[in-house]
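Student: File upload31.txt follows (compact mmCIF, C-alpha atoms and all ligand atoms):
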# COMPACT_ATOMS: atom_id res chain seq x y z
CA MET A 1 29.34 -55.53 -166.27
CA LYS A 2 30.56 -56.40 -162.77
CA THR A 3 33.21 -53.88 -161.80
CA GLY A 4 33.99 -54.58 -158.15
CA GLU A 5 33.35 -56.53 -154.98
CA PHE A 6 33.33 -55.28 -151.39
CA HIS A 7 33.27 -57.16 -148.08
CA ASN A 8 32.20 -56.21 -144.59
CA PRO A 9 32.53 -59.18 -142.21
CA GLN A 10 31.18 -57.06 -139.30
CA ARG A 11 27.68 -57.36 -140.69
CA LYS A 12 25.37 -60.07 -139.37
CA THR A 13 23.60 -60.90 -142.65
CA ILE A 14 22.99 -57.95 -144.93
CA GLY A 15 25.80 -56.42 -146.93
CA ARG A 16 28.59 -58.78 -145.91
CA THR A 17 29.26 -58.89 -149.64
CA ILE A 18 28.43 -56.26 -152.27
CA TRP A 19 28.81 -56.82 -156.00
CA HIS A 20 29.12 -53.58 -157.91
CA TYR A 21 28.08 -53.19 -161.57
CA ASP A 22 28.41 -50.16 -163.83
CA ALA A 23 25.13 -50.74 -165.67
CA VAL A 24 22.43 -53.43 -165.63
CA GLU A 25 18.87 -53.72 -166.90
CA SER A 26 17.50 -54.05 -163.36
CA THR A 27 19.41 -55.04 -160.22
CA ASN A 28 16.41 -57.18 -159.17
CA ASP A 29 16.63 -59.12 -162.43
CA THR A 30 20.43 -59.43 -162.22
CA LEU A 31 20.09 -60.93 -158.76
CA LYS A 32 17.35 -63.28 -159.98
CA GLU A 33 19.64 -64.57 -162.73
CA LEU A 34 22.43 -65.06 -160.20
CA LEU A 35 20.19 -67.34 -158.10
CA GLU A 36 21.31 -70.26 -160.26
CA GLN A 37 24.53 -70.06 -158.19
CA ASP A 38 24.90 -70.68 -154.46
CA LEU A 39 24.76 -67.21 -152.96
CA GLU A 40 24.97 -66.15 -149.35
CA GLU A 41 21.93 -64.51 -147.82
CA GLY A 42 22.39 -60.76 -147.60
CA LEU A 43 24.34 -60.41 -150.86
CA VAL A 44 23.86 -56.94 -152.38
CA VAL A 45 23.90 -56.17 -156.09
CA TRP A 46 24.59 -52.47 -156.67
CA ALA A 47 24.53 -50.66 -160.02
CA ASP A 48 25.40 -47.11 -161.05
CA ARG A 49 22.50 -47.07 -163.51
CA GLN A 50 19.72 -49.28 -164.81
CA ALA A 51 18.44 -49.44 -168.36
CA ALA A 52 15.09 -50.99 -167.33
CA GLY A 53 14.61 -50.25 -163.63
CA LYS A 54 11.31 -51.57 -162.28
CA GLY A 55 8.92 -49.99 -159.80
CA ARG A 56 5.87 -51.38 -158.01
CA HIS A 57 2.78 -52.38 -160.01
CA GLY A 58 4.71 -52.83 -163.25
CA ARG A 59 5.76 -49.18 -163.38
CA ALA A 60 9.19 -48.13 -164.65
CA TRP A 61 11.81 -46.74 -162.23
CA ALA A 62 13.86 -44.17 -164.10
CA SER A 63 17.47 -44.90 -163.14
CA PRO A 64 19.96 -42.40 -164.57
CA PRO A 65 23.51 -42.11 -163.14
CA GLY A 66 23.63 -40.36 -159.77
CA GLY A 67 20.94 -42.47 -158.05
CA LEU A 68 21.49 -45.46 -155.81
CA TYR A 69 20.16 -48.76 -157.17
CA ILE A 70 20.52 -51.94 -155.14
CA SER A 71 18.96 -55.35 -154.62
CA ILE A 72 19.42 -57.52 -151.57
CA LEU A 73 19.01 -61.30 -151.36
CA LEU A 74 17.00 -62.52 -148.37
CA ARG A 75 15.60 -65.88 -147.36
CA PRO A 76 12.84 -65.20 -144.84
CA LYS A 77 9.92 -67.51 -144.16
CA GLU A 78 7.51 -67.06 -147.06
CA ALA A 79 4.73 -66.01 -144.68
CA HIS A 80 6.88 -63.06 -143.55
CA ALA A 81 7.72 -61.68 -146.98
CA GLN A 82 4.97 -59.02 -147.05
CA VAL A 83 5.87 -57.73 -143.59
CA LEU A 84 9.56 -57.70 -144.45
CA GLY A 85 8.95 -55.46 -147.48
CA LEU A 86 7.21 -52.96 -145.19
CA LEU A 87 9.80 -53.11 -142.43
CA ALA A 88 12.56 -52.24 -144.90
CA GLY A 89 10.96 -48.80 -145.24
CA MET A 90 11.99 -47.93 -141.67
CA PRO A 91 15.78 -48.04 -142.22
CA LEU A 92 15.28 -46.29 -145.55
CA VAL A 93 13.63 -43.29 -143.91
CA LYS A 94 16.19 -43.36 -141.09
CA THR A 95 18.98 -43.20 -143.67
CA LEU A 96 17.49 -40.20 -145.44
CA ARG A 97 17.06 -38.38 -142.14
CA HIS A 98 20.66 -39.19 -141.25
CA LEU A 99 21.68 -37.59 -144.54
CA GLY A 100 19.77 -34.41 -143.80
CA VAL A 101 16.26 -34.76 -145.22
CA PHE A 102 13.35 -35.31 -142.85
CA ALA A 103 11.68 -37.98 -144.98
CA THR A 104 8.52 -39.77 -143.84
CA LEU A 105 7.29 -43.27 -144.54
CA LYS A 106 4.25 -43.62 -146.78
CA TRP A 107 2.52 -47.01 -146.78
CA PRO A 108 3.72 -49.49 -147.81
CA ASN A 109 7.35 -48.45 -148.06
CA ASP A 110 7.88 -45.17 -149.92
CA ALA A 111 10.12 -42.46 -148.51
CA ILE A 112 8.68 -39.03 -149.22
CA PHE A 113 9.56 -35.44 -148.41
CA GLN A 114 7.00 -32.64 -148.70
CA GLY A 115 4.80 -34.84 -150.87
CA ARG A 116 7.57 -35.85 -153.28
CA LYS A 117 9.11 -39.29 -153.53
CA LEU A 118 12.76 -39.72 -152.56
CA ALA A 119 13.07 -43.50 -152.52
CA GLY A 120 11.08 -46.68 -153.12
CA ILE A 121 11.24 -50.41 -152.54
CA LEU A 122 10.25 -53.28 -154.82
CA SER A 123 10.15 -56.58 -152.98
CA GLU A 124 9.83 -59.72 -155.15
CA GLY A 125 9.43 -63.31 -153.95
CA VAL A 126 10.93 -66.06 -156.12
CA TYR A 127 11.35 -69.81 -155.87
CA ARG A 128 14.63 -71.24 -157.15
CA ARG A 129 15.86 -74.76 -156.60
CA ASP A 130 13.07 -75.44 -154.02
CA THR A 131 14.05 -72.43 -151.91
CA TYR A 132 12.04 -69.28 -151.37
CA HIS A 133 14.00 -66.04 -151.81
CA VAL A 134 13.03 -62.42 -151.45
CA ILE A 135 14.74 -59.87 -153.65
CA LEU A 136 14.50 -56.52 -151.97
CA GLY A 137 15.15 -53.79 -154.54
CA VAL A 138 15.77 -50.27 -153.30
CA GLY A 139 16.09 -47.11 -155.37
CA VAL A 140 17.16 -43.80 -153.79
CA ASN A 141 17.24 -40.45 -155.56
CA THR A 142 20.56 -39.37 -154.11
CA ASN A 143 22.51 -37.22 -156.60
CA LEU A 144 19.95 -37.15 -159.34
CA ASP A 145 19.42 -34.16 -161.55
CA LEU A 146 15.65 -34.22 -161.64
CA GLU A 147 15.70 -32.97 -165.23
CA ARG A 148 16.95 -36.42 -166.18
CA LEU A 149 13.69 -37.99 -165.04
CA PRO A 150 10.64 -38.24 -167.33
CA PRO A 151 8.44 -35.09 -166.99
CA ASP A 152 5.54 -36.91 -165.26
CA VAL A 153 7.97 -38.37 -162.68
CA GLN A 154 9.76 -35.02 -162.13
CA ALA A 155 6.60 -33.46 -160.77
CA ARG A 156 6.25 -36.11 -158.04
CA ALA A 157 9.91 -36.79 -157.23
CA THR A 158 12.76 -35.13 -155.44
CA SER A 159 16.36 -35.99 -154.63
CA LEU A 160 18.80 -35.57 -151.75
CA LYS A 161 20.85 -33.32 -154.02
CA ARG A 162 17.91 -30.99 -154.49
CA GLU A 163 16.82 -30.98 -150.86
CA VAL A 164 20.13 -30.69 -149.02
CA ASN A 165 21.98 -28.97 -151.84
CA LEU A 166 25.06 -31.06 -151.09
CA TYR A 167 26.71 -33.95 -152.85
CA VAL A 168 25.86 -37.13 -150.92
CA ALA A 169 28.15 -40.03 -151.79
CA ASN A 170 26.18 -43.13 -152.75
CA GLU A 171 28.72 -45.18 -150.77
CA GLU A 172 27.78 -43.31 -147.58
CA CYS A 173 24.06 -43.72 -148.19
CA LEU A 174 24.53 -47.41 -148.99
CA GLU A 175 26.69 -48.14 -145.95
CA TYR A 176 24.31 -46.47 -143.53
CA PHE A 177 21.22 -48.08 -145.04
CA LEU A 178 22.74 -51.58 -145.01
CA GLU A 179 23.83 -51.18 -141.39
CA GLN A 180 20.31 -50.14 -140.35
CA LEU A 181 18.61 -52.84 -142.42
CA ASP A 182 20.98 -55.47 -141.03
CA ASP A 183 19.90 -54.41 -137.56
CA VAL A 184 16.17 -54.52 -138.38
CA TYR A 185 16.54 -57.88 -140.12
CA SER A 186 18.44 -59.52 -137.27
CA ARG A 187 15.78 -58.36 -134.79
CA TYR A 188 13.04 -59.42 -137.17
CA VAL A 189 14.34 -62.96 -137.45
CA HIS A 190 13.92 -63.41 -133.68
CA THR A 191 10.81 -61.28 -133.10
CA PRO A 192 7.21 -62.19 -133.84
CA ALA A 193 6.05 -60.24 -136.91
CA PRO A 194 3.15 -58.51 -135.08
CA LEU A 195 5.63 -56.96 -132.64
CA MET A 196 7.80 -55.68 -135.46
CA MET A 197 4.72 -54.27 -137.13
CA LYS A 198 4.05 -52.30 -133.98
CA GLU A 199 7.34 -50.52 -134.62
CA TYR A 200 6.30 -49.98 -138.25
CA ARG A 201 2.97 -48.48 -137.19
CA GLY A 202 4.84 -45.95 -135.08
CA ALA A 203 6.99 -45.00 -138.06
CA CYS A 204 4.29 -44.92 -140.77
CA GLY A 205 3.24 -41.37 -141.63
CA THR A 206 0.13 -42.55 -143.50
CA ILE A 207 -1.86 -43.44 -140.39
CA GLY A 208 -4.26 -40.59 -139.56
CA LYS A 209 -4.09 -39.07 -143.06
CA ARG A 210 -6.93 -38.69 -145.53
CA VAL A 211 -6.01 -40.85 -148.51
CA SER A 212 -7.04 -41.97 -151.93
CA VAL A 213 -5.78 -45.49 -152.60
CA ASP A 214 -5.61 -47.02 -156.07
CA THR A 215 -6.24 -50.75 -155.70
CA ALA A 216 -6.88 -53.59 -158.15
CA LYS A 217 -10.58 -53.29 -157.25
CA GLY A 218 -10.76 -49.51 -157.75
CA LYS A 219 -10.16 -46.33 -155.75
CA VAL A 220 -10.78 -46.13 -152.02
CA LEU A 221 -11.18 -42.67 -150.47
CA GLY A 222 -11.19 -42.15 -146.72
CA LYS A 223 -9.05 -41.92 -143.62
CA ALA A 224 -6.13 -44.30 -143.08
CA THR A 225 -6.63 -45.49 -139.52
CA ASP A 226 -4.19 -48.37 -139.02
CA VAL A 227 -1.88 -51.02 -140.46
CA THR A 228 -2.68 -54.62 -139.50
CA PRO A 229 -0.08 -57.02 -138.06
CA ALA A 230 0.06 -58.60 -141.54
CA GLY A 231 0.84 -55.23 -143.14
CA ALA A 232 -2.53 -54.29 -144.70
CA LEU A 233 -3.64 -50.65 -144.64
CA ILE A 234 -7.00 -49.97 -143.00
CA VAL A 235 -9.01 -47.18 -144.59
CA VAL A 236 -12.40 -46.05 -143.27
CA ASP A 237 -14.46 -44.35 -145.98
CA ASP A 238 -16.95 -41.52 -145.50
CA LYS A 239 -19.80 -44.01 -145.01
CA GLU A 240 -17.88 -45.70 -142.19
CA GLY A 241 -17.03 -48.64 -144.49
CA ARG A 242 -13.82 -50.40 -143.43
CA HIS A 243 -11.39 -51.43 -146.17
CA GLU A 244 -8.41 -53.71 -145.56
CA ILE A 245 -5.99 -52.98 -148.40
CA VAL A 246 -3.19 -55.45 -149.04
CA ASP A 247 -1.75 -53.76 -152.13
CA GLY A 248 -2.22 -50.34 -153.67
CA THR A 249 -0.85 -46.87 -154.33
CA VAL A 250 -1.59 -44.19 -151.76
CA GLU A 251 -2.06 -40.48 -152.47
CA TYR A 252 -2.57 -38.04 -149.61
CA VAL A 253 -5.60 -35.81 -150.14
CA GLU A 254 -6.59 -32.59 -148.36
C1 LIG A 301 8.64 -48.20 -156.28
O1 LIG A 301 8.54 -47.32 -155.45
O2 LIG A 301 7.84 -48.31 -157.22
C2 LIG A 301 9.76 -49.19 -156.14
C3 LIG A 301 11.01 -48.73 -156.82
C4 LIG A 301 12.15 -49.72 -156.68
C5 LIG A 301 13.33 -49.35 -157.55
C6 LIG A 301 14.52 -50.20 -157.26
S1 LIG A 301 15.97 -49.59 -158.03
C7 LIG A 301 16.83 -51.04 -157.62
C8 LIG A 301 15.87 -52.21 -157.82
N1 LIG A 301 15.92 -52.66 -159.21
C9 LIG A 301 14.78 -52.41 -159.86
O3 LIG A 301 14.57 -52.67 -161.05
N2 LIG A 301 13.90 -51.82 -159.03
C10 LIG A 301 14.44 -51.66 -157.70
Could you show the structure in this file as structure tokens?
Ligand code: BTN
Tutor:
Amino acid sequence: MKTGEFHNPQRKTIGRTIWHYDAVESTNDTLKELLEQDLEEGLVVWADRQAAGKGRHGRAWASPPGGLYISILLRPKEAHAQVLGLLAGMPLVKTLRHLGVFATLKWPNDAIFQGRKLAGILSEGVYRRDTYHVILGVGVNTNLDLERLPPDVQARATSLKREVNLYVANEECLEYFLEQLDDVYSRYVHTPAPLMMKEYRGACGTIGKRVSVDTAKGKVLGKATDVTPAGALIVVDDKEGRHEIVDGTVEYVE
């Protein structure tokens, strides 16, 4: 149920309006349903919990109360959607650092701390009424009690609460993130994507690491050497084979 609405006219595009819900199935799906209406670009749907939160590659995103769950409506050029999903990882990591945890960015757009995931992004492209939209869904483990996550997730996840041992208001995390994303997005609209990806490459902690990447075509093991201007991860395997990976799940290996 929708429980509130907030406005910030200072923002250029993102977060000028926020619709707050107590509980939804998935904020991405709620926003998709709302696309039947005329909505302004940058609208944020924010929920206190999700009954069926979604992660990348069809995985579930456990969403108990305490976490931050939002989806943002964007209308970029379709050709830029992939790059945009990656770029959103930069303000996410910046936000977590601002709140006291030195998170790093794992390709494509996970925020991790000491090998454990703190936040993730699910970017979905949808056509409605002849217009292309991107729904950028962001989940942050802010004040989560990790015991409330499924056991297999607990082992790989952490939260701000656990790492800084302080209560971090979701409002503060949300405000800071939206401000940073608004800034990235406004620069992105006027900057050629390859230039923005240069900034991403500087921020991406995966480059230089030995990785195992789960892809639709199987596992790739090797060294991550670069991210292309289109956002693909380059991995060079032990036989000097070069792999350009557009989609996959990265694990760091020793
Ligand atoms: C991932 O790392 O797998 C992406 C996780 C994205 C989770 C967020 S929570 C808010 C939004 N609504 C969803 O159902 N998923 C995203």
Student: Residues within 8 Å of ligand LIG 301 (chain A), counting only C-alpha atoms and all ligand atoms: report them as a ChimeraX atom specification.
Tutor: /A:25-29,46,50,52-57,59-61,63,68-71,109-110,119-122,136-140
Student: Write out as a compact mmCIF listing (two decimals) with C-alpha atoms, keeping the file's coordinate frame the residues lying within 7 Å of Ile14 (chain A), counting all atoms listed in the file and excluding same-chain residues fewer than 5 positions away.
Tutor:
# COMPACT_ATOMS: atom_id res chain seq x y z
CA GLY A 42 22.39 -60.76 -147.60
CA LEU A 43 24.34 -60.41 -150.86
CA LEU A 178 22.74 -51.58 -145.01
CA ASP A 182 20.98 -55.47 -141.03
Student: Calculate how many Å separate CA of His243 (chain A) from CA of Arg201 (chain A), rounding to one decimal.
Tutor: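 Separation between CA of His243 (chain A) and CA of Arg201 (chain A): 17.2 Å.
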Student: Could you tell me which of A:Thr30, A:Gln114, A:Gln82, A:Ser123 comes closest to Ala232 (chain A) if we count all atoms listed in the file?
Tutor: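 For Ala232 (chain A), the nearest of the given residues is A:Gln82.
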Student: At what distance in Å, to one decimal, does CA of Trp107 (chain A) lie from CA of Lys217 (chain A)?
Tutor: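 Separation of CA of Lys217 (chain A) and CA of Trp107 (chain A): 17.9 Å.
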Student: Neighbouring residues of region 205-211 of chain A were defined as those with any atom within 7 Å, considering all atoms listed in the file; residues of the same chain fewer than 4 positions away were excluded. Please report them as JSON, numbers by chain.
Tutor: {"A": [104, 105, 106, 107, 221, 222, 223, 224, 225, 226, 250, 251, 252, 253, 254]}
Student: Report, in Å to a single decimal, how far apart CA of Val24 (chain A) and CA of Lys161 (chain A) are.
Tutor: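 Between CA of Lys161 (chain A) and CA of Val24 (chain A) the gap works out to 23.3 Å.
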Student: My list of candidates is A:Arg75, A:Arg129, A:Lys239, A:Arg156. Which is closest to Gly115 (chain A) when distances are computed with only C-alpha atoms?
Tutor: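 The closest residue to Gly115 (chain A) is A:Arg156.
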Student: Using only C-alpha atoms, pick whichever of A:Pro108, A:Cys173, A:Lys2, A:Ala193 has the shortest atom-to-atom distance to Ile245 (chain A).
Tutor: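 So, comparing all the options, the nearest one is A:Pro108.
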Student: Near Lys12 (chain A), within 12 Å and counting all atoms listed in the file, which residues show up once chain neighbours fewer than 6 positions away are dropped, as a PyMOL selection string?
Tutor: chain A and resi 40-43+178-187+189
Student: Considering only C-alpha atoms, can you say which of A:Leu99, A:Phe113, A:Tyr176, A:Leu195 comes closest to Val164 (chain A)?
Tutor: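 Among the listed residues, A:Leu99 lies closest to Val164 (chain A).
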Student: As a PDB file, keeping the file's coordinate frame, could you write out region 148-169 of chain A once it has been completed with N, CA, C and O atoms?
Tutor:
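Contents of part21.pdb, as written:
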ATOM      1  N   ARG A 148      16.687 -35.183-165.447  1.00  0.00           N
ATOM      2  CA  ARG A 148      16.950 -36.420-166.180  1.00  0.00           C
ATOM      3  C   ARG A 148      15.824 -37.438-166.030  1.00  0.00           C
ATOM      4  O   ARG A 148      15.863 -38.508-166.615  1.00  0.00           O
ATOM      5  N   LEU A 149      14.826 -37.090-165.208  1.00  0.00           N
ATOM      6  CA  LEU A 149      13.690 -37.990-165.040  1.00  0.00           C
ATOM      7  C   LEU A 149      12.591 -37.615-166.036  1.00  0.00           C
ATOM      8  O   LEU A 149      12.490 -36.448-166.431  1.00  0.00           O
ATOM      9  N   PRO A 150      11.746 -38.580-166.423  1.00  0.00           N
ATOM     10  CA  PRO A 150      10.640 -38.240-167.330  1.00  0.00           C
ATOM     11  C   PRO A 150       9.766 -37.147-166.697  1.00  0.00           C
ATOM     12  O   PRO A 150       9.619 -37.117-165.464  1.00  0.00           O
ATOM     13  N   PRO A 151       9.184 -36.246-167.515  1.00  0.00           N
ATOM     14  CA  PRO A 151       8.440 -35.090-166.990  1.00  0.00           C
ATOM     15  C   PRO A 151       7.362 -35.472-165.980  1.00  0.00           C
ATOM     16  O   PRO A 151       7.200 -34.797-164.964  1.00  0.00           O
ATOM     17  N   ASP A 152       6.615 -36.555-166.203  1.00  0.00           N
ATOM     18  CA  ASP A 152       5.540 -36.910-165.260  1.00  0.00           C
ATOM     19  C   ASP A 152       6.123 -37.346-163.914  1.00  0.00           C
ATOM     20  O   ASP A 152       5.520 -37.149-162.864  1.00  0.00           O
ATOM     21  N   VAL A 153       7.331 -37.927-163.925  1.00  0.00           N
ATOM     22  CA  VAL A 153       7.970 -38.370-162.680  1.00  0.00           C
ATOM     23  C   VAL A 153       8.551 -37.154-161.941  1.00  0.00           C
ATOM     24  O   VAL A 153       8.444 -37.033-160.723  1.00  0.00           O
ATOM     25  N   GLN A 154       9.145 -36.226-162.724  1.00  0.00           N
ATOM     26  CA  GLN A 154       9.760 -35.020-162.130  1.00  0.00           C
ATOM     27  C   GLN A 154       8.833 -34.300-161.174  1.00  0.00           C
ATOM     28  O   GLN A 154       9.223 -33.847-160.108  1.00  0.00           O
ATOM     29  N   ALA A 155       7.565 -34.222-161.565  1.00  0.00           N
ATOM     30  CA  ALA A 155       6.600 -33.460-160.770  1.00  0.00           C
ATOM     31  C   ALA A 155       6.354 -34.087-159.412  1.00  0.00           C
ATOM     32  O   ALA A 155       5.952 -33.402-158.478  1.00  0.00           O
ATOM     33  N   ARG A 156       6.585 -35.410-159.298  1.00  0.00           N
ATOM     34  CA  ARG A 156       6.250 -36.110-158.040  1.00  0.00           C
ATOM     35  C   ARG A 156       7.495 -36.556-157.276  1.00  0.00           C
ATOM     36  O   ARG A 156       7.380 -37.195-156.236  1.00  0.00           O
ATOM     37  N   ALA A 157       8.682 -36.256-157.835  1.00  0.00           N
ATOM     38  CA  ALA A 157       9.910 -36.790-157.230  1.00  0.00           C
ATOM     39  C   ALA A 157      10.802 -35.674-156.712  1.00  0.00           C
ATOM     40  O   ALA A 157      10.675 -34.511-157.106  1.00  0.00           O
ATOM     41  N   THR A 158      11.693 -36.059-155.810  1.00  0.00           N
ATOM     42  CA  THR A 158      12.760 -35.130-155.440  1.00  0.00           C
ATOM     43  C   THR A 158      14.021 -35.963-155.174  1.00  0.00           C
ATOM     44  O   THR A 158      14.006 -37.190-155.300  1.00  0.00           O
ATOM     45  N   SER A 159      15.108 -35.280-154.865  1.00  0.00           N
ATOM     46  CA  SER A 159      16.360 -35.990-154.630  1.00  0.00           C
ATOM     47  C   SER A 159      17.071 -35.363-153.431  1.00  0.00           C
ATOM     48  O   SER A 159      16.780 -34.214-153.061  1.00  0.00           O
ATOM     49  N   LEU A 160      17.999 -36.124-152.854  1.00  0.00           N
ATOM     50  CA  LEU A 160      18.800 -35.570-151.750  1.00  0.00           C
ATOM     51  C   LEU A 160      19.550 -34.341-152.240  1.00  0.00           C
ATOM     52  O   LEU A 160      19.651 -33.339-151.551  1.00  0.00           O
ATOM     53  N   LYS A 161      20.076 -34.433-153.468  1.00  0.00           N
ATOM     54  CA  LYS A 161      20.850 -33.320-154.020  1.00  0.00           C
ATOM     55  C   LYS A 161      20.021 -32.042-154.022  1.00  0.00           C
ATOM     56  O   LYS A 161      20.487 -30.977-153.612  1.00  0.00           O
ATOM     57  N   ARG A 162      18.767 -32.168-154.426  1.00  0.00           N
ATOM     58  CA  ARG A 162      17.910 -30.990-154.490  1.00  0.00           C
ATOM     59  C   ARG A 162      17.561 -30.480-153.087  1.00  0.00           C
ATOM     60  O   ARG A 162      17.555 -29.285-152.828  1.00  0.00           O
ATOM     61  N   GLU A 163      17.308 -31.407-152.171  1.00  0.00           N
ATOM     62  CA  GLU A 163      16.820 -30.980-150.860  1.00  0.00           C
ATOM     63  C   GLU A 163      17.916 -30.501-149.915  1.00  0.00           C
ATOM     64  O   GLU A 163      17.700 -29.600-149.133  1.00  0.00           O
ATOM     65  N   VAL A 164      19.092 -31.139-149.955  1.00  0.00           N
ATOM     66  CA  VAL A 164      20.130 -30.690-149.020  1.00  0.00           C
ATOM     67  C   VAL A 164      21.175 -29.829-149.722  1.00  0.00           C
ATOM     68  O   VAL A 164      22.041 -29.249-149.083  1.00  0.00           O
ATOM     69  N   ASN A 165      21.082 -29.805-151.063  1.00  0.00           N
ATOM     70  CA  ASN A 165      21.980 -28.970-151.840  1.00  0.00           C
ATOM     71  C   ASN A 165      23.448 -29.304-151.582  1.00  0.00           C
ATOM     72  O   ASN A 165      24.294 -28.432-151.520  1.00  0.00           O
ATOM     73  N   LEU A 166      23.700 -30.581-151.353  1.00  0.00           N
ATOM     74  CA  LEU A 166      25.060 -31.060-151.090  1.00  0.00           C
ATOM     75  C   LEU A 166      25.243 -32.365-151.846  1.00  0.00           C
ATOM     76  O   LEU A 166      24.274 -33.099-152.012  1.00  0.00           O
ATOM     77  N   TYR A 167      26.465 -32.652-152.230  1.00  0.00           N
ATOM     78  CA  TYR A 167      26.710 -33.950-152.850  1.00  0.00           C
ATOM     79  C   TYR A 167      26.721 -35.013-151.745  1.00  0.00           C
ATOM     80  O   TYR A 167      27.420 -34.877-150.747  1.00  0.00           O
ATOM     81  N   VAL A 168      25.884 -36.037-151.895  1.00  0.00           N
ATOM     82  CA  VAL A 168      25.860 -37.130-150.920  1.00  0.00           C
ATOM     83  C   VAL A 168      26.405 -38.379-151.603  1.00  0.00           C
ATOM     84  O   VAL A 168      25.826 -38.848-152.586  1.00  0.00           O
ATOM     85  N   ALA A 169      27.526 -38.876-151.132  1.00  0.00           N
ATOM     86  CA  ALA A 169      28.150 -40.030-151.790  1.00  0.00           C
ATOM     87  C   ALA A 169      27.225 -41.242-151.667  1.00  0.00           C
ATOM     88  O   ALA A 169      26.714 -41.541-150.586  1.00  0.00           O
TER      89      ALA A 169
END
